[in-house]
$ cat final.pdb   # PDB, C-alpha atoms
ATOM      1  CA  MET A 186      47.081  -4.203 -32.867  1.00  0.00           C
ATOM      2  CA  ARG A 187      43.849  -5.554 -31.512  1.00  0.00           C
ATOM      3  CA  PHE A 188      40.735  -3.852 -32.879  1.00  0.00           C
ATOM      4  CA  VAL A 189      37.826  -3.990 -30.408  1.00  0.00           C
ATOM      5  CA  GLU A 190      34.523  -2.634 -31.729  1.00  0.00           C
ATOM      6  CA  CYS A 191      32.574  -0.317 -29.434  1.00  0.00           C
ATOM      7  CA  ASP A 192      28.822  -0.353 -28.958  1.00  0.00           C
ATOM      8  CA  LEU A 193      28.635   2.324 -31.680  1.00  0.00           C
ATOM      9  CA  SER A 194      29.210   0.747 -35.087  1.00  0.00           C
ATOM     10  CA  GLY A 195      32.482   1.773 -36.725  1.00  0.00           C
ATOM     11  CA  ALA A 196      34.105   3.084 -33.531  1.00  0.00           C
ATOM     12  CA  MET A 197      37.013   0.988 -32.298  1.00  0.00           C
ATOM     13  CA  VAL A 198      39.313   0.764 -29.313  1.00  0.00           C
ATOM     14  CA  LEU A 199      42.789  -0.141 -30.518  1.00  0.00           C
ATOM     15  CA  GLU A 200      45.052  -2.009 -28.136  1.00  0.00           C
ATOM     16  CA  PRO A 201      48.730  -2.316 -28.985  1.00  0.00           C
ATOM     17  CA  GLU A 202      50.333  -5.757 -28.909  1.00  0.00           C
ATOM     18  CA  PRO A 203      53.828  -4.975 -27.662  1.00  0.00           C
ATOM     19  CA  VAL A 204      56.810  -7.154 -28.449  1.00  0.00           C
ATOM     20  CA  GLN A 205      59.046  -7.284 -25.368  1.00  0.00           C
ATOM     21  CA  ASP A 206      62.805  -7.617 -25.115  1.00  0.00           C
ATOM     22  CA  ASP A 207      65.524  -6.507 -22.703  1.00  0.00           C
ATOM     23  CA  ARG A 208      65.268  -2.876 -23.920  1.00  0.00           C
ATOM     24  CA  GLY A 209      61.533  -2.612 -23.233  1.00  0.00           C
ATOM     25  CA  HIS A 210      58.891  -3.072 -25.912  1.00  0.00           C
ATOM     26  CA  PHE A 211      57.858  -2.077 -29.424  1.00  0.00           C
ATOM     27  CA  ALA A 212      54.285  -1.881 -30.749  1.00  0.00           C
ATOM     28  CA  ARG A 213      52.527  -0.710 -33.895  1.00  0.00           C
ATOM     29  CA  LEU A 214      49.985   2.073 -33.330  1.00  0.00           C
ATOM     30  CA  PHE A 215      48.848   2.705 -36.905  1.00  0.00           C
ATOM     31  CA  CYS A 216      48.935   0.655 -40.100  1.00  0.00           C
ATOM     32  CA  ARG A 217      46.998   1.751 -43.179  1.00  0.00           C
ATOM     33  CA  ARG A 218      46.508  -1.853 -44.325  1.00  0.00           C
ATOM     34  CA  GLU A 219      45.103  -2.950 -40.960  1.00  0.00           C
ATOM     35  CA  PHE A 220      42.762   0.048 -40.864  1.00  0.00           C
ATOM     36  CA  GLU A 221      41.508  -0.727 -44.375  1.00  0.00           C
ATOM     37  CA  ALA A 222      41.044  -4.409 -43.475  1.00  0.00           C
ATOM     38  CA  HIS A 223      38.751  -3.327 -40.605  1.00  0.00           C
ATOM     39  CA  GLY A 224      36.803  -0.897 -42.805  1.00  0.00           C
ATOM     40  CA  LEU A 225      38.288   2.184 -41.124  1.00  0.00           C
ATOM     41  CA  ASN A 226      39.370   5.372 -42.889  1.00  0.00           C
ATOM     42  CA  PRO A 227      43.195   5.327 -42.935  1.00  0.00           C
ATOM     43  CA  CYS A 228      43.533   8.893 -44.258  1.00  0.00           C
ATOM     44  CA  VAL A 229      45.578  11.280 -42.117  1.00  0.00           C
ATOM     45  CA  ALA A 230      45.269  14.959 -43.049  1.00  0.00           C
ATOM     46  CA  GLN A 231      46.528  16.452 -39.768  1.00  0.00           C
ATOM     47  CA  ALA A 232      48.249  15.440 -36.553  1.00  0.00           C
ATOM     48  CA  ASN A 233      47.299  17.473 -33.471  1.00  0.00           C
ATOM     49  CA  VAL A 234      48.344  17.559 -29.827  1.00  0.00           C
ATOM     50  CA  ALA A 235      46.550  19.036 -26.791  1.00  0.00           C
ATOM     51  CA  PHE A 236      48.091  19.673 -23.372  1.00  0.00           C
ATOM     52  CA  ASN A 237      45.789  20.151 -20.395  1.00  0.00           C
ATOM     53  CA  ARG A 238      47.116  21.568 -17.145  1.00  0.00           C
ATOM     54  CA  LEU A 239      44.242  20.614 -14.862  1.00  0.00           C
ATOM     55  CA  ARG A 240      42.512  17.398 -13.920  1.00  0.00           C
ATOM     56  CA  GLY A 241      38.835  17.811 -14.775  1.00  0.00           C
ATOM     57  CA  THR A 242      39.405  19.826 -17.966  1.00  0.00           C
ATOM     58  CA  VAL A 243      36.751  19.182 -20.626  1.00  0.00           C
ATOM     59  CA  ARG A 244      37.380  19.588 -24.353  1.00  0.00           C
ATOM     60  CA  GLY A 245      34.443  19.170 -26.710  1.00  0.00           C
ATOM     61  CA  LEU A 246      32.086  17.827 -27.837  1.00  0.00           C
ATOM     62  CA  HIS A 247      33.356  18.726 -31.336  1.00  0.00           C
ATOM     63  CA  PHE A 248      32.597  17.560 -34.878  1.00  0.00           C
ATOM     64  CA  GLN A 249      32.665  18.744 -38.469  1.00  0.00           C
ATOM     65  CA  TYR A 250      29.718  18.541 -40.862  1.00  0.00           C
ATOM     66  CA  PRO A 251      30.068  16.892 -44.286  1.00  0.00           C
ATOM     67  CA  PRO A 252      31.730  17.424 -46.675  1.00  0.00           C
ATOM     68  CA  ALA A 253      34.474  18.027 -44.072  1.00  0.00           C
ATOM     69  CA  ALA A 254      33.423  15.293 -41.609  1.00  0.00           C
ATOM     70  CA  GLU A 255      36.522  13.912 -39.954  1.00  0.00           C
ATOM     71  CA  SER A 256      37.654  10.618 -38.525  1.00  0.00           C
ATOM     72  CA  LYS A 257      40.057  10.711 -35.569  1.00  0.00           C
ATOM     73  CA  LEU A 258      42.514   8.385 -33.905  1.00  0.00           C
ATOM     74  CA  VAL A 259      43.044   9.648 -30.347  1.00  0.00           C
ATOM     75  CA  ARG A 260      45.816   8.621 -27.934  1.00  0.00           C
ATOM     76  CA  CYS A 261      46.723   9.852 -24.501  1.00  0.00           C
ATOM     77  CA  THR A 262      50.496  10.233 -24.346  1.00  0.00           C
ATOM     78  CA  ARG A 263      50.690  11.599 -20.769  1.00  0.00           C
ATOM     79  CA  GLY A 264      48.127  11.232 -17.996  1.00  0.00           C
ATOM     80  CA  ALA A 265      44.616   9.900 -18.579  1.00  0.00           C
ATOM     81  CA  ILE A 266      41.282  10.907 -20.113  1.00  0.00           C
ATOM     82  CA  LEU A 267      37.719   9.726 -20.291  1.00  0.00           C
ATOM     83  CA  ASP A 268      37.085   9.983 -24.036  1.00  0.00           C
ATOM     84  CA  VAL A 269      33.443  10.320 -25.081  1.00  0.00           C
ATOM     85  CA  ILE A 270      32.002   9.944 -28.572  1.00  0.00           C
ATOM     86  CA  VAL A 271      28.426  10.551 -29.731  1.00  0.00           C
ATOM     87  CA  ASP A 272      26.939   8.962 -32.853  1.00  0.00           C
ATOM     88  CA  LEU A 273      25.594  11.766 -35.074  1.00  0.00           C
ATOM     89  CA  ARG A 274      24.542   9.542 -38.015  1.00  0.00           C
ATOM     90  CA  PRO A 275      20.746  10.020 -38.286  1.00  0.00           C
ATOM     91  CA  GLU A 276      20.355   6.712 -40.143  1.00  0.00           C
ATOM     92  CA  SER A 277      22.164   4.794 -37.390  1.00  0.00           C
ATOM     93  CA  PRO A 278      20.222   2.748 -34.812  1.00  0.00           C
ATOM     94  CA  THR A 279      22.559   4.313 -32.203  1.00  0.00           C
ATOM     95  CA  PHE A 280      21.911   7.943 -33.263  1.00  0.00           C
ATOM     96  CA  LEU A 281      22.682  10.293 -30.315  1.00  0.00           C
ATOM     97  CA  ARG A 282      23.969   7.446 -28.120  1.00  0.00           C
ATOM     98  CA  HIS A 283      27.418   7.797 -26.617  1.00  0.00           C
ATOM     99  CA  VAL A 284      30.298   5.615 -25.508  1.00  0.00           C
ATOM    100  CA  ALA A 285      32.951   6.544 -22.948  1.00  0.00           C
ATOM    101  CA  VAL A 286      36.410   4.925 -22.961  1.00  0.00           C
ATOM    102  CA  GLU A 287      39.277   5.525 -20.562  1.00  0.00           C
ATOM    103  CA  ILE A 288      42.485   6.115 -22.475  1.00  0.00           C
ATOM    104  CA  SER A 289      45.773   6.659 -20.681  1.00  0.00           C
ATOM    105  CA  ALA A 290      49.502   6.674 -21.113  1.00  0.00           C
ATOM    106  CA  ALA A 291      49.510   3.560 -18.913  1.00  0.00           C
ATOM    107  CA  ASN A 292      46.976   1.485 -20.890  1.00  0.00           C
ATOM    108  CA  ARG A 293      48.285   2.728 -24.282  1.00  0.00           C
ATOM    109  CA  ARG A 294      44.877   2.375 -25.924  1.00  0.00           C
ATOM    110  CA  SER A 295      43.739   4.483 -28.844  1.00  0.00           C
ATOM    111  CA  LEU A 296      40.187   5.298 -29.863  1.00  0.00           C
ATOM    112  CA  TYR A 297      39.200   5.378 -33.535  1.00  0.00           C
ATOM    113  CA  ILE A 298      36.291   7.756 -34.125  1.00  0.00           C
ATOM    114  CA  PRO A 299      34.485   7.536 -37.489  1.00  0.00           C
ATOM    115  CA  GLU A 300      33.193  10.480 -39.497  1.00  0.00           C
ATOM    116  CA  ARG A 301      29.920  12.022 -38.298  1.00  0.00           C
ATOM    117  CA  PHE A 302      30.627  11.516 -34.595  1.00  0.00           C
ATOM    118  CA  ALA A 303      31.031  14.183 -31.913  1.00  0.00           C
ATOM    119  CA  HIS A 304      34.127  13.837 -29.755  1.00  0.00           C
ATOM    120  CA  GLY A 305      35.159  15.206 -26.386  1.00  0.00           C
ATOM    121  CA  TYR A 306      37.034  14.200 -23.284  1.00  0.00           C
ATOM    122  CA  GLN A 307      37.725  15.003 -19.659  1.00  0.00           C
ATOM    123  CA  THR A 308      41.201  14.813 -18.179  1.00  0.00           C
ATOM    124  CA  LEU A 309      41.597  12.498 -15.204  1.00  0.00           C
ATOM    125  CA  GLU A 310      45.057  13.750 -14.181  1.00  0.00           C
ATOM    126  CA  ASP A 311      46.894  17.062 -14.110  1.00  0.00           C
ATOM    127  CA  GLY A 312      49.359  17.523 -16.978  1.00  0.00           C
ATOM    128  CA  THR A 313      47.511  15.310 -19.452  1.00  0.00           C
ATOM    129  CA  GLU A 314      48.482  15.326 -23.120  1.00  0.00           C
ATOM    130  CA  THR A 315      46.561  13.827 -26.034  1.00  0.00           C
ATOM    131  CA  SER A 316      47.484  13.368 -29.672  1.00  0.00           C
ATOM    132  CA  TYR A 317      45.115  13.017 -32.614  1.00  0.00           C
ATOM    133  CA  LEU A 318      45.519  11.782 -36.157  1.00  0.00           C
ATOM    134  CA  VAL A 319      42.683  13.484 -38.046  1.00  0.00           C
ATOM    135  CA  GLY A 320      41.308  12.323 -41.397  1.00  0.00           C
ATOM    136  CA  GLU A 321      40.229  15.736 -42.709  1.00  0.00           C
ATOM    137  CA  PHE A 322      41.624  19.252 -42.580  1.00  0.00           C
ATOM    138  CA  TYR A 323      40.137  21.609 -40.001  1.00  0.00           C
ATOM    139  CA  ALA A 324      37.387  23.611 -41.706  1.00  0.00           C
ATOM    140  CA  PRO A 325      35.891  26.248 -39.384  1.00  0.00           C
ATOM    141  CA  GLU A 326      32.933  26.811 -41.725  1.00  0.00           C
ATOM    142  CA  PHE A 327      31.855  23.164 -41.151  1.00  0.00           C
ATOM    143  CA  GLU A 328      32.551  23.089 -37.417  1.00  0.00           C
ATOM    144  CA  GLY A 329      29.883  22.095 -34.927  1.00  0.00           C
ATOM    145  CA  GLY A 330      29.595  21.143 -31.296  1.00  0.00           C
ATOM    146  CA  LEU A 331      27.332  19.870 -28.574  1.00  0.00           C
ATOM    147  CA  LEU A 332      27.158  20.923 -24.940  1.00  0.00           C
ATOM    148  CA  HIS A 333      29.167  18.503 -22.807  1.00  0.00           C
ATOM    149  CA  ASP A 334      26.420  18.565 -20.175  1.00  0.00           C
ATOM    150  CA  ASP A 335      23.357  18.478 -22.429  1.00  0.00           C
ATOM    151  CA  PRO A 336      20.796  16.457 -20.433  1.00  0.00           C
ATOM    152  CA  ARG A 337      19.564  14.692 -23.579  1.00  0.00           C
ATOM    153  CA  LEU A 338      22.983  13.118 -24.043  1.00  0.00           C
ATOM    154  CA  GLY A 339      23.170  11.943 -20.424  1.00  0.00           C
ATOM    155  CA  ILE A 340      26.967  11.817 -20.259  1.00  0.00           C
ATOM    156  CA  ALA A 341      28.254  11.019 -16.769  1.00  0.00           C
ATOM    157  CA  TRP A 342      31.521  12.942 -16.541  1.00  0.00           C
ATOM    158  CA  PRO A 343      33.505  11.558 -13.600  1.00  0.00           C
ATOM    159  CA  LEU A 344      34.799  14.879 -12.225  1.00  0.00           C
ATOM    160  CA  ALA A 345      33.604  18.416 -11.675  1.00  0.00           C
ATOM    161  CA  VAL A 346      34.622  20.597 -14.624  1.00  0.00           C
ATOM    162  CA  ALA A 347      37.876  22.382 -13.727  1.00  0.00           C
ATOM    163  CA  ALA A 348      38.328  24.145 -17.083  1.00  0.00           C
ATOM    164  CA  ILE A 349      36.404  24.425 -20.341  1.00  0.00           C
ATOM    165  CA  SER A 350      36.667  26.925 -23.180  1.00  0.00           C
ATOM    166  CA  ALA A 351      34.146  29.731 -23.571  1.00  0.00           C
ATOM    167  CA  LYS A 352      33.419  28.365 -27.041  1.00  0.00           C
ATOM    168  CA  ASP A 353      32.516  24.921 -25.636  1.00  0.00           C
ATOM    169  CA  ARG A 354      30.187  26.534 -23.062  1.00  0.00           C
ATOM    170  CA  ARG A 355      28.315  28.370 -25.851  1.00  0.00           C
ATOM    171  CA  TRP A 356      27.205  25.440 -28.023  1.00  0.00           C
ATOM    172  CA  ALA A 357      23.420  25.419 -28.435  1.00  0.00           C
ATOM    173  CA  PRO A 358      21.345  22.723 -26.702  1.00  0.00           C
ATOM    174  CA  LEU A 359      20.661  19.608 -28.746  1.00  0.00           C
ATOM    175  CA  ALA A 360      16.930  20.445 -28.804  1.00  0.00           C
ATOM    176  CA  ASP A 361      17.786  23.654 -30.722  1.00  0.00           C
ATOM    177  CA  VAL A 362      20.212  22.126 -33.238  1.00  0.00           C
ATOM    178  CA  GLU A 363      18.791  18.653 -33.832  1.00  0.00           C
ATOM    179  CA  PRO A 364      16.868  19.528 -37.046  1.00  0.00           C
ATOM    180  CA  GLU A 365      20.007  21.064 -38.606  1.00  0.00           C
ATOM    181  CA  LEU A 366      22.120  18.186 -37.320  1.00  0.00           C
ATOM    182  CA  VAL A 367      19.810  15.610 -38.904  1.00  0.00           C
ATOM    183  CA  GLY A 368      19.668  17.500 -42.188  1.00  0.00           C
ATOM    184  CA  ARG A 369      23.388  18.071 -42.517  1.00  0.00           C
ATOM    185  CA  MET A 370      24.604  14.730 -41.129  1.00  0.00           C
ATOM    186  CA  THR A 371      22.321  12.407 -43.088  1.00  0.00           C
ATOM    187  CA  ALA A 372      24.398  10.188 -45.396  1.00  0.00           C
ATOM    188  CA  PRO A 373      23.938  11.018 -49.106  1.00  0.00           C
ATOM    189  CA  ALA A 374      22.673   7.490 -49.870  1.00  0.00           C
ATOM    190  CA  SER A 375      19.938   7.907 -47.240  1.00  0.00           C
ATOM    191  CA  ARG A 376      18.547  11.229 -48.491  1.00  0.00           C
TER     192      ARG A 376
END

$ encode --input "final.pdb" --output "structure tokens"
Amino acid sequence: MRFVECDLSGAMVLEPEPVQDDRGHFARLFCRREFEAHGLNPCVAQANVAFNRLRGTVRGLHFQYPPAAESKLVRCTRGAILDVIVDLRPESPTFLRHVAVEISAANRRSLYIPERFAHGYQTLEDGTETSYLVGEFYAPEFEGGLLHDDPRLGIAWPLAVAAISAKDRRWAPLADVEPELVGRMTAPASR
């Protein structure tokens, strides 16, 4: 695997390095030792899958507060997505900045998302499926989210929204939740 760091420290695009033969190819998508060598959390608590019928579907922007903050390794196994992550680490120089990465079944990339980041995506094709390896168990009492179209985030989604959950439409604007976000997301060493 090739590990390519994003503009947000700790986030990585992983590109498989397939070995070809007459059958096709084989590539490693996860290796605990390689993750550890790059300073990434190799813990996997859950594996999730999401199927999206419509092009333009938005999921997110989701996160969990500490002590249940979760890392994620996201792949697109069918179709394509624009995956967006937002740095929610108040001590980070890139706090509230985002990065968008196209991930598809064709390019076989994965996106590693560190703890204390929001995550969401928009499907670029009908019938898109994503899979996630998640580093912490889902804990609804620590769940949080940001509006996908919050003007302060300035995310340029490529398509009109075809589908989004009622829950994702109801997240409060960043201006309303920023004080809580800063308080709950600040790293213990920084407090």

$ residues_near_point --input "final.pdb" --point "(26.8, 13.0, -23.1)" --cutoff "9 Å" --atoms "all atoms listed in the file" --output "PDB file with C-alpha atoms, keeping the file's coordinate frame"
ATOM      1  CA  LEU A 246      32.086  17.827 -27.837  1.00  0.00           C
ATOM      2  CA  VAL A 269      33.443  10.320 -25.081  1.00  0.00           C
ATOM      3  CA  ILE A 270      32.002   9.944 -28.572  1.00  0.00           C
ATOM      4  CA  VAL A 271      28.426  10.551 -29.731  1.00  0.00           C
ATOM      5  CA  LEU A 281      22.682  10.293 -30.315  1.00  0.00           C
ATOM      6  CA  ARG A 282      23.969   7.446 -28.120  1.00  0.00           C
ATOM      7  CA  HIS A 283      27.418   7.797 -26.617  1.00  0.00           C
ATOM      8  CA  VAL A 284      30.298   5.615 -25.508  1.00  0.00           C
ATOM      9  CA  ALA A 285      32.951   6.544 -22.948  1.00  0.00           C
ATOM     10  CA  LEU A 331      27.332  19.870 -28.574  1.00  0.00           C
ATOM     11  CA  LEU A 332      27.158  20.923 -24.940  1.00  0.00           C
ATOM     12  CA  HIS A 333      29.167  18.503 -22.807  1.00  0.00           C
ATOM     13  CA  ASP A 334      26.420  18.565 -20.175  1.00  0.00           C
ATOM     14  CA  ASP A 335      23.357  18.478 -22.429  1.00  0.00           C
ATOM     15  CA  PRO A 336      20.796  16.457 -20.433  1.00  0.00           C
ATOM     16  CA  ARG A 337      19.564  14.692 -23.579  1.00  0.00           C
ATOM     17  CA  LEU A 338      22.983  13.118 -24.043  1.00  0.00           C
ATOM     18  CA  GLY A 339      23.170  11.943 -20.424  1.00  0.00           C
ATOM     19  CA  ILE A 340      26.967  11.817 -20.259  1.00  0.00           C
ATOM     20  CA  ALA A 341      28.254  11.019 -16.769  1.00  0.00           C
ATOM     21  CA  TRP A 342      31.521  12.942 -16.541  1.00  0.00           C
TER      22      TRP A 342
END

$ closest_residue --input "final.pdb" --among "A:Asp192, A:Glu326, A:Glu200, A:Glu255" --to "Asn292 (chain A)" --atoms "only C-alpha atoms"
A:Glu200

$ residues_around --input "final.pdb" --residues "region 346-363 of chain A" --least-positions-apart "4" --cutoff "7 Å" --atoms "all atoms listed in the file" --output "JSON, numbers by chain"
{"A": [239, 240, 241, 242, 243, 244, 245, 330, 331, 332, 335, 367]}

$ closest_residue --input "final.pdb" --among "A:Gly209, A:Pro299, A:Gly305, A:Gly264" --to "Asn237 (chain A)" --atoms "all atoms listed in the file"
A:Gly264

$ resolve_selection --input "final.pdb" --expression "the PyMOL selection byres ((chain A and resi 215) around 10)" --output "ChimeraX atom specification"
/A:186,199,201,212-214,216-220,227,258,295,318

$ atom_distance --input "final.pdb" --atom1 "CA of Arg263 (chain A)" --atom2 "CA of Tyr306 (chain A)"
14.1 Å

$ closest_residue --input "final.pdb" --among "A:Arg260, A:Ala265, A:Leu296, A:Asp272" --to "Val189 (chain A)" --atoms "all atoms listed in the file"
A:Leu296

$ closest_residue --input "final.pdb" --among "A:Glu276, A:Lys257, A:Phe188, A:Glu287" --to "Gln231 (chain A)" --atoms "all atoms listed in the file"
A:Lys257

$ closest_residue --input "final.pdb" --among "A:Arg208, A:Arg293, A:Arg238, A:Arg369" --to "Leu273 (chain A)" --atoms "only C-alpha atoms"
A:Arg369

$ closest_residue --input "final.pdb" --among "A:Val204, A:Met370, A:Ala345, A:Val286" --to "Ala254 (chain A)" --atoms "only C-alpha atoms"
A:Met370

$ resolve_selection --input "final.pdb" --expression "the PyMOL selection byres ((chain A and resi 194) around 9)" --output "list in words"
Glu190, Cys191, Asp192, Leu193, Gly195, Ala196, Met197, Asp272, Ser277, Thr279 and Pro299 of chain A

$ atom_distance --input "final.pdb" --atom1 "CA of Ala290 (chain A)" --atom2 "CA of Glu321 (chain A)"
25.2 Å

$ axis_aligned_box --input "final.pdb" --around "region 227-245 of chain A" --padding-each-side "3 Å" --output "lines of an AutoDock Vina configuration file"
center_x = 41.4
center_y = 13.4
center_z = -29.1
size_x = 19.9
size_y = 22.2
size_z = 36.3

$ atom_distance --input "final.pdb" --atom1 "CA of Val259 (chain A)" --atom2 "CA of Asp206 (chain A)"
26.8 Å

$ decode --input "final.pdb" --residues "region 316-327 of chain A" --atoms "N, CA and C atoms" --output "CSV table (one decimal), in the first residue's frame"
chain,number,residue,atom,x,y,z
A,316,SER,N,-17.8,0.6,2.3
A,316,SER,CA,-17.5,-0.2,3.5
A,316,SER,C,-16.6,0.6,4.3
A,317,TYR,N,-16.8,0.4,5.7
A,317,TYR,CA,-16.0,1.1,6.7
A,317,TYR,C,-15.4,0.1,7.6
A,318,LEU,N,-14.1,0.3,8.0
A,318,LEU,CA,-13.6,-0.3,9.2
A,318,LEU,C,-13.5,0.8,10.2
A,319,VAL,N,-14.1,0.6,11.4
A,319,VAL,CA,-14.3,1.7,12.3
A,319,VAL,C,-13.5,1.3,13.6
A,320,GLY,N,-12.8,2.2,14.2
A,320,GLY,CA,-11.9,1.9,15.3
A,320,GLY,C,-12.5,2.0,16.7
A,321,GLU,N,-13.8,2.3,16.7
A,321,GLU,CA,-14.5,2.4,18.0
A,321,GLU,C,-16.0,1.9,17.8
A,322,PHE,N,-16.6,1.4,18.9
A,322,PHE,CA,-17.9,0.9,18.8
A,322,PHE,C,-18.9,2.1,18.7
A,323,TYR,N,-20.0,2.0,17.9
A,323,TYR,CA,-20.9,3.0,17.8
A,323,TYR,C,-21.5,3.3,19.2
A,324,ALA,N,-21.5,4.6,19.6
A,324,ALA,CA,-22.0,5.0,20.9
A,324,ALA,C,-22.9,6.2,20.7
A,325,PRO,N,-24.2,5.9,20.6
A,325,PRO,CA,-25.2,7.0,20.3
A,325,PRO,C,-25.1,8.2,21.3
A,326,GLU,N,-24.7,8.0,22.5
A,326,GLU,CA,-24.6,9.1,23.5
A,326,GLU,C,-23.5,10.0,23.2
A,327,PHE,N,-22.5,9.6,22.4
A,327,PHE,CA,-21.4,10.4,22.0
A,327,PHE,C,-21.4,10.9,20.5
